[in-house]
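Here is the structure we will look at, set down as structure tokens.
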Amino acid sequence: MTRRFVLYETQGHVATITLHRPDVGNAIDETMAAELREACRAVVEDDSVYVAIVTGSGRHFSITDPSARQPAGQEEFRERRVTDALAAIPKPLIAALNGDAIGQGLEVALACDLRIASDKARFAIDQILHGHIPWDGGTQRLPRFIPRAIALELILTGKSISASEAKELGLVNDVAPAGDVLTQAKALAAKLAAIAPIAANYVKEATAKGMDMTLEQGLRLEADLAVLLHTTHDRAEGLKSFLEKRSPNFAGR
């Protein structure tokens, strides 16, 4: 598939997906949504990719264009939704928030696992200011990251918060100078790509699924995944490298 509005590149075991409509703040339309879903599939299907980064071109990560026509009907909503595809990636996914993440842009960030934000970035789920409500996961994911009352306030008022406020709330993991966000995200991705990829994927699965389980169910899932991990080449390599006092060479199998 030829991509016009989503750039995709791999370096080593890291894939970088770049939202690329800088003239409109990387607002997501039907074409970009289709390209982004296809990029997500590429990450999933490429066994050499262990970690992925999502970032934006230009000044913004992604902002909603309030003048754009909103989806009408289930089919159009499905065509514009992208967060399900992002959240379905089993590998660690980092959002390098190079600028503002507003509306659906913040919903995209919430679908990622880790978030590094520019110190100049602002964050808001502001659809209600334009007579809409979030429809790409905002009402469901935001209260899972920050206290429910604060999430509800942000959604109901549409107000924006700064990167430092977002970090205090736990919405982002770290804040970096505007020009260093992608560099810092790539450094983190390199660290994650150096660990056993199957183990990293299992950690993501256990924590994500465990959020919707009882503690007992979550502990059982954790134990099951730990048992499965013992059958992998990487688990044997980890033990062998420890005994031989060398760095492990994980192969993702």
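Residues in the structure tokens are named by chain (A, B, ... in the order shown) and by number from 1 within that chain; ligands are numbered from 1 in the order shown.
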
Considering only alpha helix (DSSP H) as DSSP defines it on the backbone, what residues of stretch 127-249 of chain A qualify? List them as a ChimeraX atom specification.
/A:138-145,148-157,163-169,181-193,197-210,215-229,233-243

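Residues lying within 12 Å of A:Thr183, counting only C-alpha atoms and ignoring same-chain neighbours fewer than 4 positions away, are Thr16, Ile53, Thr55, Ala96, Leu97, Asn98, Ile116, Ala117, Ser118, Ala176, Pro177, Ala178, Gly179, Ala187, Leu188, Ala189 and Ala190 of chain A.
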
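Pairwise distance (atom CA of A:Met213, atom CA of A:Val227) equals 19.4 Å.
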
Could you pull out the strand (DSSP E or B) residues of stretch 11-129 of chain A, going by DSSP on the backbone, and write them as a PyMOL selection string?
chain A and resi 11+14-19+51-56+62+93-97+101-102+114-118+122-124

Export of the given selection (N, CA and C atoms) as a CSV table (one decimal), in the first residue's frame:
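Done, and the output landed in result-v7.csv:
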chain,number,residue,atom,x,y,z
A,11,GLN,N,14.3,0.6,11.7
A,11,GLN,CA,15.8,0.6,12.0
A,11,GLN,C,16.1,-0.4,13.0
A,14,VAL,N,13.3,-1.6,15.6
A,14,VAL,CA,12.3,-0.6,16.0
A,14,VAL,C,11.6,0.0,14.7
A,15,ALA,N,10.3,0.0,14.7
A,15,ALA,CA,9.6,0.7,13.6
A,15,ALA,C,9.1,2.0,14.1
A,16,THR,N,9.1,3.0,13.2
A,16,THR,CA,8.6,4.4,13.5
A,16,THR,C,7.5,4.7,12.6
A,17,ILE,N,6.4,5.0,13.1
A,17,ILE,CA,5.2,5.4,12.4
A,17,ILE,C,5.0,6.9,12.6
A,18,THR,N,5.0,7.7,11.5
A,18,THR,CA,4.9,9.1,11.6
A,18,THR,C,3.6,9.6,10.9
A,19,LEU,N,2.7,10.3,11.7
A,19,LEU,CA,1.5,10.9,11.2
A,19,LEU,C,2.0,12.1,10.3
A,51,VAL,N,9.7,-3.4,18.8
A,51,VAL,CA,9.1,-2.2,19.4
A,51,VAL,C,8.7,-1.2,18.3
A,52,ALA,N,7.6,-0.4,18.6
A,52,ALA,CA,7.2,0.6,17.6
A,52,ALA,C,7.0,2.0,18.3
A,53,ILE,N,7.2,3.0,17.5
A,53,ILE,CA,7.0,4.4,18.0
A,53,ILE,C,6.0,5.0,17.1
A,54,VAL,N,5.1,5.8,17.6
A,54,VAL,CA,4.2,6.7,16.9
A,54,VAL,C,4.5,8.1,17.2
A,55,THR,N,4.7,8.9,16.2
A,55,THR,CA,5.0,10.4,16.4
A,55,THR,C,4.3,11.2,15.3
A,56,GLY,N,4.5,12.5,15.3
A,56,GLY,CA,3.9,13.3,14.3
A,56,GLY,C,4.9,14.2,13.6
A,62,SER,N,-1.0,15.3,16.9
A,62,SER,CA,-2.2,15.2,16.1
A,62,SER,C,-3.3,16.0,16.8
A,93,LEU,N,4.6,-0.2,22.5
A,93,LEU,CA,4.3,0.9,21.6
A,93,LEU,C,4.4,2.2,22.3
A,94,ILE,N,5.3,3.0,21.8
A,94,ILE,CA,5.7,4.3,22.4
A,94,ILE,C,5.1,5.5,21.6
A,95,ALA,N,4.4,6.4,22.3
A,95,ALA,CA,4.0,7.6,21.7
A,95,ALA,C,5.0,8.7,21.9
A,96,ALA,N,5.7,9.2,20.9
A,96,ALA,CA,6.6,10.3,21.0
A,96,ALA,C,5.8,11.6,20.6
A,97,LEU,N,5.3,12.2,21.7
A,97,LEU,CA,4.4,13.4,21.5
A,97,LEU,C,5.1,14.6,21.3
A,101,ALA,N,-1.5,17.1,21.4
A,101,ALA,CA,-2.4,15.9,21.2
A,101,ALA,C,-3.8,16.3,21.6
A,102,ILE,N,-4.6,16.7,20.7
A,102,ILE,CA,-5.9,17.2,21.0
A,102,ILE,C,-7.0,16.3,20.3
A,114,LEU,N,3.4,3.6,26.3
A,114,LEU,CA,4.3,4.6,27.0
A,114,LEU,C,4.2,5.9,26.2
A,115,ARG,N,4.4,7.0,26.9
A,115,ARG,CA,4.2,8.3,26.3
A,115,ARG,C,5.4,9.3,26.8
A,116,ILE,N,6.1,9.8,25.8
A,116,ILE,CA,7.1,10.8,26.1
A,116,ILE,C,6.6,12.1,25.4
A,117,ALA,N,6.5,13.2,26.1
A,117,ALA,CA,5.9,14.4,25.6
A,117,ALA,C,6.9,15.6,25.5
A,118,SER,N,6.7,16.4,24.5
A,118,SER,CA,7.4,17.7,24.4
A,118,SER,C,6.9,18.6,25.6
A,122,ARG,N,0.4,20.5,24.6
A,122,ARG,CA,-0.8,20.6,25.3
A,122,ARG,C,-1.7,19.4,25.0
A,123,PHE,N,-2.5,19.0,26.0
A,123,PHE,CA,-3.3,17.8,25.8
A,123,PHE,C,-4.8,18.1,26.2
A,124,ALA,N,-5.7,17.6,25.4
A,124,ALA,CA,-7.1,17.8,25.6
A,124,ALA,C,-7.9,16.8,24.8

As a PyMOL selection string, please: the residues near A:Asp100 (cut-off 12 Å, only C-alpha atoms, same-chain neighbours under 6 positions excluded).
chain A and resi 22+25-27+55-64+106+108-109+117-125+160-163+166+178

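The space separating atom CA of A:Lys191 from atom CA of A:Lys91 comes to 13.6 Å.
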
Pick from A:Asp46, A:Asp65, A:Glu107, A:Glu165 nearest to A:Thr139, counting only C-alpha atoms
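So, comparing all the options, the nearest one is A:Glu107.
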
Atom CA of A:Ile150 and atom CA of A:Gly105, how far apart in Å?
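So the answer is 18.9 Å.
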
Stretch 29-35 of chain A surroundings by only C-alpha atoms, 7 Å radius, close-in-sequence under 5 positions cut, as number ranges by chain:
A: 3, 5-6, 79-82

Nearest to A:Pro90, chosen from A:Asp174, A:Glu222, A:Glu205, A:Asp47, with only C-alpha atoms counted in the distances
A:Glu205
